[in-house]
Amino acid sequence: MPVIRILHLAGSAYNDFYCELSRNYAQSCIIATANPSYDFLIAYITPDGQWRFPSSLSLEDIAVAKPISLLEAIEFITAQNIDVMLPQMFCLPGMTEYRALFDLLKIPYIGNTADVMALTADKAKTKAIVAAAGVKVPFGELLRQGDVPTITPPVVIKPANADNSLGVSLVKEKSEYDAALKKAFEFASEVIVETFIEPGREVRCGAIVKDGELIGLPLEEYQIDSQNRPIRSYTDKFKIPIEGDLASTAKNYVPGWIVDINDPITQKVQQEVKKCHLALGCRHYSLFDFRIDPQGQPWFLEAGLFCIFDRNAVISCTANKMGIPLDELFMTMINQALSMN
């Protein structure tokens, strides 16, 4: 079997936070998926917009890699006989513009397309589409600067296009509206105000395409309670500042746990996840957050269409729970990307 040349696209042209987040995650993925069948190359973009092609994602190797322009990078990439690209960028440009570049270069990549990523980065549009597919979403409204909320608290306020719970607040009284709106508008020009769904439970559920079938994965559940943690916040997901390695960054900072496959909520959520996946036009894999109210009804919160393909990633660990180890999952995704070329 010929060796597959895989380009890991990492970094961020947006800011240092996303650049370092991407470097940590991509480095973890490279270690976890190393295999004689793969020849890994790395493209690393920095906030100044320059590209580097380091031998590894260590800070030392990045420092000695020559910075080059986009045009030079394209010339370099097209000469490398890349089979498939793995997106490891988490800023909005990385999710959209940089994926679109590889569409233009006709280099296939793992994961969802640039237009799907752009769509799901807009929480209001995403909610409207999944609601039209029959998925329950919290009642809400989209506000711009100067608009006055009309929904009676308790509500959740969040920027319409920010990730990782940035700018999110739970408002219990009308007197708290102004401060919460101010906080949310720091991250976006549009803000969503939506009815607070009482806990309940909060879960994340992925789906993968394997052998032509859309498969719902086991659920990962997160600690919430009505008194001390009614919503998950930024600090539940990320230790600040990001330091050193992936263990310091987020996903295991407030750890989740995998829900027993026989839990009756699993099948309910998986059905909703499949509706979301199809309605949004996802491919290869998808991942969604749901709130479960005290009556057991799942409510869609948002999409997070990422998988970093290390053993701690939600899709990786839940797929492993159902008997699909990381190496098999990774090869499945590679083959799907290659089949679309």
# chains A, B, ... in the order shown; residues from 1 in each chain; ligands from 1

call {"tool": "residues_around", "arguments": {"residues": "region 47-52 of chain A", "least_positions_apart": "6", "cutoff": "12 Å", "atoms": "only C-alpha atoms", "output": "VMD selection string"}}
result
chain A and resid 8 to 20 41 59 61 to 77 91 93 to 94 98

call {"tool": "closest_atom_pairs", "arguments": {"of": "region 100-154 of chain A", "to": "region 208-214 of chain A", "cutoff": "12 Å", "atoms": "only C-alpha atoms", "output": "CSV"}}
result
residue,atom,partner,partner_atom,distance
A:Ile110,CA,A:Val209,CA,11.9
A:Gly111,CA,A:Ile208,CA,10.2
A:Asn112,CA,A:Ile208,CA,11.5

call {"tool": "residues_around", "arguments": {"residues": "region 286-301 of chain A", "least_positions_apart": "2", "cutoff": "9 Å", "atoms": "only C-alpha atoms", "output": "JSON, numbers by chain"}}
result
{"A": [111, 112, 123, 127, 130, 131, 135, 136, 137, 138, 197, 198, 199, 200, 201, 202, 203, 204, 205, 206, 207, 208, 265, 268, 269, 272, 273, 274, 276, 277, 282, 283, 284, 303, 304, 305, 306, 307, 314, 315]}

call {"tool": "write_last_selection", "arguments": {"atoms": "C-alpha atoms", "output": "PDB file, in the first residue's frame"}}
result
ATOM      1  CA  GLY A 111     -14.053  17.177   7.625  1.00  0.00           C
ATOM      2  CA  ASN A 112     -16.747  19.602   6.643  1.00  0.00           C
ATOM      3  CA  LYS A 123     -25.482  30.146  15.678  1.00  0.00           C
ATOM      4  CA  LYS A 127     -30.621  27.003  14.909  1.00  0.00           C
ATOM      5  CA  VAL A 130     -32.062  22.415  12.468  1.00  0.00           C
ATOM      6  CA  ALA A 131     -35.392  23.695  13.791  1.00  0.00           C
ATOM      7  CA  VAL A 135     -35.089  19.475  16.065  1.00  0.00           C
ATOM      8  CA  LYS A 136     -36.180  21.354  19.190  1.00  0.00           C
ATOM      9  CA  VAL A 137     -34.261  24.597  19.834  1.00  0.00           C
ATOM     10  CA  PRO A 138     -34.687  27.113  22.669  1.00  0.00           C
ATOM     11  CA  ILE A 197     -33.397  25.364  29.475  1.00  0.00           C
ATOM     12  CA  GLU A 198     -33.348  24.160  33.067  1.00  0.00           C
ATOM     13  CA  PRO A 199     -30.938  21.297  33.815  1.00  0.00           C
ATOM     14  CA  GLY A 200     -31.333  18.482  33.254  1.00  0.00           C
ATOM     15  CA  ARG A 201     -28.199  17.342  31.676  1.00  0.00           C
ATOM     16  CA  GLU A 202     -25.811  18.599  29.035  1.00  0.00           C
ATOM     17  CA  VAL A 203     -24.300  16.281  26.460  1.00  0.00           C
ATOM     18  CA  ARG A 204     -22.233  16.340  23.305  1.00  0.00           C
ATOM     19  CA  CYS A 205     -22.879  13.779  20.601  1.00  0.00           C
ATOM     20  CA  GLY A 206     -21.042  13.065  17.376  1.00  0.00           C
ATOM     21  CA  ALA A 207     -21.866  11.194  14.214  1.00  0.00           C
ATOM     22  CA  ILE A 208     -19.541   9.628  11.666  1.00  0.00           C
ATOM     23  CA  ILE A 265     -31.328   9.458  26.402  1.00  0.00           C
ATOM     24  CA  LYS A 268     -33.067  10.149  21.564  1.00  0.00           C
ATOM     25  CA  VAL A 269     -30.060  12.408  21.115  1.00  0.00           C
ATOM     26  CA  GLU A 272     -31.584  14.436  16.692  1.00  0.00           C
ATOM     27  CA  VAL A 273     -27.874  14.468  15.794  1.00  0.00           C
ATOM     28  CA  LYS A 274     -28.545  12.640  12.545  1.00  0.00           C
ATOM     29  CA  CYS A 276     -28.775  18.015  12.336  1.00  0.00           C
ATOM     30  CA  HIS A 277     -26.012  16.377  10.315  1.00  0.00           C
ATOM     31  CA  CYS A 282     -22.292  17.811   6.972  1.00  0.00           C
ATOM     32  CA  ARG A 283     -19.893  15.197   5.656  1.00  0.00           C
ATOM     33  CA  HIS A 284     -17.443  12.691   7.192  1.00  0.00           C
ATOM     34  CA  ALA A 303     -22.654  22.709  16.412  1.00  0.00           C
ATOM     35  CA  GLY A 304     -18.920  22.250  16.915  1.00  0.00           C
ATOM     36  CA  LEU A 305     -17.724  20.500  13.781  1.00  0.00           C
ATOM     37  CA  PHE A 306     -14.213  19.600  14.896  1.00  0.00           C
ATOM     38  CA  CYS A 307     -12.236  16.470  15.528  1.00  0.00           C
ATOM     39  CA  VAL A 314     -14.895  13.613  21.816  1.00  0.00           C
ATOM     40  CA  ILE A 315     -15.416  11.866  18.482  1.00  0.00           C
TER      41      ILE A 315
END

call {"tool": "residues_around", "arguments": {"residues": "Ala132 (chain A)", "least_positions_apart": "6", "cutoff": "12 Å", "atoms": "only C-alpha atoms", "output": "ChimeraX atom specification"}}
result
/A:125-126,275-276,278-280

call {"tool": "residues_around", "arguments": {"residues": "Thr318 (chain A)", "least_positions_apart": "5", "cutoff": "9 Å", "atoms": "only C-alpha atoms", "output": "PyMOL selection string"}}
result
chain A and resi 205-206+217-220+258+313+323-324

call {"tool": "write_last_selection", "arguments": {"atoms": "all heavy atoms", "output": "compact mmCIF listing (two decimals), in the first residue's frame"}}
result
# COMPACT_ATOMS: atom_id res chain seq x y z
N CYS A 205 -22.72 15.03 21.35
CA CYS A 205 -22.88 13.78 20.60
C CYS A 205 -22.38 13.97 19.18
O CYS A 205 -22.72 14.95 18.52
CB CYS A 205 -24.34 13.33 20.60
SG CYS A 205 -24.63 11.77 19.73
N GLY A 206 -21.57 13.02 18.73
CA GLY A 206 -21.04 13.06 17.38
C GLY A 206 -21.69 12.01 16.49
O GLY A 206 -22.35 11.08 16.96
N LEU A 217 -22.77 8.29 17.59
CA LEU A 217 -21.78 7.82 18.56
C LEU A 217 -22.34 7.91 19.98
O LEU A 217 -23.34 8.60 20.22
CB LEU A 217 -20.52 8.66 18.45
CG LEU A 217 -19.79 8.59 17.11
CD1 LEU A 217 -18.62 9.57 17.10
CD2 LEU A 217 -19.30 7.18 16.81
N PRO A 218 -21.71 7.23 20.93
CA PRO A 218 -22.10 7.41 22.33
C PRO A 218 -21.99 8.88 22.74
O PRO A 218 -21.25 9.66 22.14
CB PRO A 218 -21.09 6.54 23.09
CG PRO A 218 -20.65 5.51 22.10
CD PRO A 218 -20.66 6.20 20.77
N LEU A 219 -22.73 9.24 23.78
CA LEU A 219 -22.76 10.62 24.26
C LEU A 219 -21.63 10.88 25.25
O LEU A 219 -21.25 10.00 26.01
CB LEU A 219 -24.09 10.92 24.96
CG LEU A 219 -25.31 11.25 24.12
CD1 LEU A 219 -25.62 10.19 23.08
CD2 LEU A 219 -26.53 11.45 25.02
N GLU A 220 -21.11 12.11 25.23
CA GLU A 220 -20.26 12.57 26.32
C GLU A 220 -21.08 13.57 27.13
O GLU A 220 -21.69 14.48 26.57
CB GLU A 220 -18.98 13.21 25.81
CG GLU A 220 -18.03 13.61 26.94
CD GLU A 220 -16.59 13.83 26.49
OE1 GLU A 220 -15.90 12.82 26.25
OE2 GLU A 220 -16.19 14.99 26.37
N ILE A 258 -18.37 9.42 29.43
CA ILE A 258 -19.17 8.80 28.37
C ILE A 258 -20.40 8.15 28.99
O ILE A 258 -20.31 7.40 29.98
CB ILE A 258 -18.34 7.77 27.58
CG1 ILE A 258 -17.18 8.49 26.88
CG2 ILE A 258 -19.22 7.04 26.57
CD1 ILE A 258 -16.25 7.57 26.12
N ALA A 313 -10.12 13.49 22.05
CA ALA A 313 -11.17 14.19 21.32
C ALA A 313 -12.50 13.46 21.49
O ALA A 313 -12.54 12.23 21.58
CB ALA A 313 -10.81 14.28 19.83
N GLY A 323 -16.09 0.54 19.74
CA GLY A 323 -15.27 -0.44 19.03
C GLY A 323 -14.58 0.04 17.78
O GLY A 323 -14.12 -0.78 16.97
N ILE A 324 -14.49 1.38 17.61
CA ILE A 324 -13.76 1.93 16.47
C ILE A 324 -12.55 2.68 17.02
O ILE A 324 -12.65 3.83 17.43
CB ILE A 324 -14.64 2.88 15.63
CG1 ILE A 324 -15.92 2.18 15.19
CG2 ILE A 324 -13.87 3.42 14.43
CD1 ILE A 324 -16.95 3.11 14.54

call {"tool": "select_by_dssp", "arguments": {"residues": "region 78-305 of chain A", "states": "strand (DSSP E)", "output": "ChimeraX atom specification"}}
result
/A:84-87,140-144,155-159,169-171,190-195,201-210,213-222,257-258,285-292,298-303

call {"tool": "select_by_dssp", "arguments": {"residues": "region 9-247 of chain A", "states": "alpha helix (DSSP H)", "output": "MDAnalysis selection string"}}
result
chainID A and resid 16:33 59:64 70:78 92:95 97:104 114:121 123:132 177:185 234:237

call {"tool": "residues_around", "arguments": {"residues": "Arg311 (chain A)", "least_positions_apart": "6", "cutoff": "9 Å", "atoms": "only C-alpha atoms", "output": "PyMOL selection string"}}
result
chain A and resi 28-29+32+317+320+325-326

call {"tool": "atom_distance", "arguments": {"atom1": "CA of Phe139 (chain A)", "atom2": "CA of Trp257 (chain A)"}}
result
28.4 Å

call {"tool": "atom_distance", "arguments": {"atom1": "CA of Gln80 (chain A)", "atom2": "CA of Phe102 (chain A)"}}
result
13.6 Å

call {"tool": "atom_distance", "arguments": {"atom1": "CA of Leu142 (chain A)", "atom2": "CA of Leu119 (chain A)"}}
result
15.7 Å

call {"tool": "residues_around", "arguments": {"residues": "Gln27 (chain A)", "least_positions_apart": "6", "cutoff": "10 Å", "atoms": "only C-alpha atoms", "output": "number ranges by chain"}}
result
A: 8, 10, 42, 56-58, 88, 245-246, 308, 310

call {"tool": "write_last_selection", "arguments": {"atoms": "N, CA, C and O atoms", "output": "tab-separated table (two decimals), in the first residue's frame"}}
result
chain	number	residue	atom	x	y	z
A	8	HIS	N	-0.89	18.54	7.59
A	8	HIS	CA	-1.57	19.10	8.76
A	8	HIS	C	-1.55	20.63	8.64
A	8	HIS	O	-0.47	21.23	8.63
A	10	ALA	N	-2.17	24.00	10.32
A	10	ALA	CA	-2.28	24.45	11.69
A	10	ALA	C	-1.94	25.93	11.82
A	10	ALA	O	-1.48	26.56	10.87
A	42	ILE	N	3.68	19.54	7.60
A	42	ILE	CA	3.02	20.54	8.44
A	42	ILE	C	3.09	21.90	7.76
A	42	ILE	O	4.16	22.34	7.32
A	56	SER	N	8.46	19.91	12.75
A	56	SER	CA	7.52	19.51	13.80
A	56	SER	C	6.84	20.78	14.31
A	56	SER	O	7.16	21.88	13.87
A	57	LEU	N	5.94	20.61	15.27
A	57	LEU	CA	5.25	21.78	15.83
A	57	LEU	C	5.86	22.21	17.16
A	57	LEU	O	5.22	22.95	17.91
A	58	SER	N	7.07	21.80	17.43
A	58	SER	CA	7.77	22.35	18.58
A	58	SER	C	8.10	23.81	18.29
A	58	SER	O	8.28	24.22	17.13
A	88	GLN	N	-6.57	21.82	11.00
A	88	GLN	CA	-6.34	21.89	12.44
A	88	GLN	C	-6.45	23.34	12.93
A	88	GLN	O	-5.88	23.69	13.96
A	245	ASP	N	1.08	22.22	26.91
A	245	ASP	CA	0.58	21.08	26.16
A	245	ASP	C	-0.94	20.99	26.31
A	245	ASP	O	-1.58	21.75	26.99
A	246	LEU	N	-1.46	19.97	25.62
A	246	LEU	CA	-2.91	19.86	25.51
A	246	LEU	C	-3.57	19.61	26.85
A	246	LEU	O	-4.70	20.03	27.08
A	308	ILE	N	-9.99	16.58	16.41
A	308	ILE	CA	-8.54	16.74	16.29
A	308	ILE	C	-7.82	15.39	16.14
A	308	ILE	O	-6.62	15.34	15.96
A	310	ASP	N	-7.05	12.98	18.26
A	310	ASP	CA	-6.22	12.37	19.29
A	310	ASP	C	-7.17	11.58	20.20
A	310	ASP	O	-8.38	11.60	20.02

call {"tool": "closest_residue", "arguments": {"among": "A:Gln270, A:Asn81, A:Asn262, A:Thr113", "to": "Gly216 (chain A)", "atoms": "only C-alpha atoms"}}
result
A:Gln270
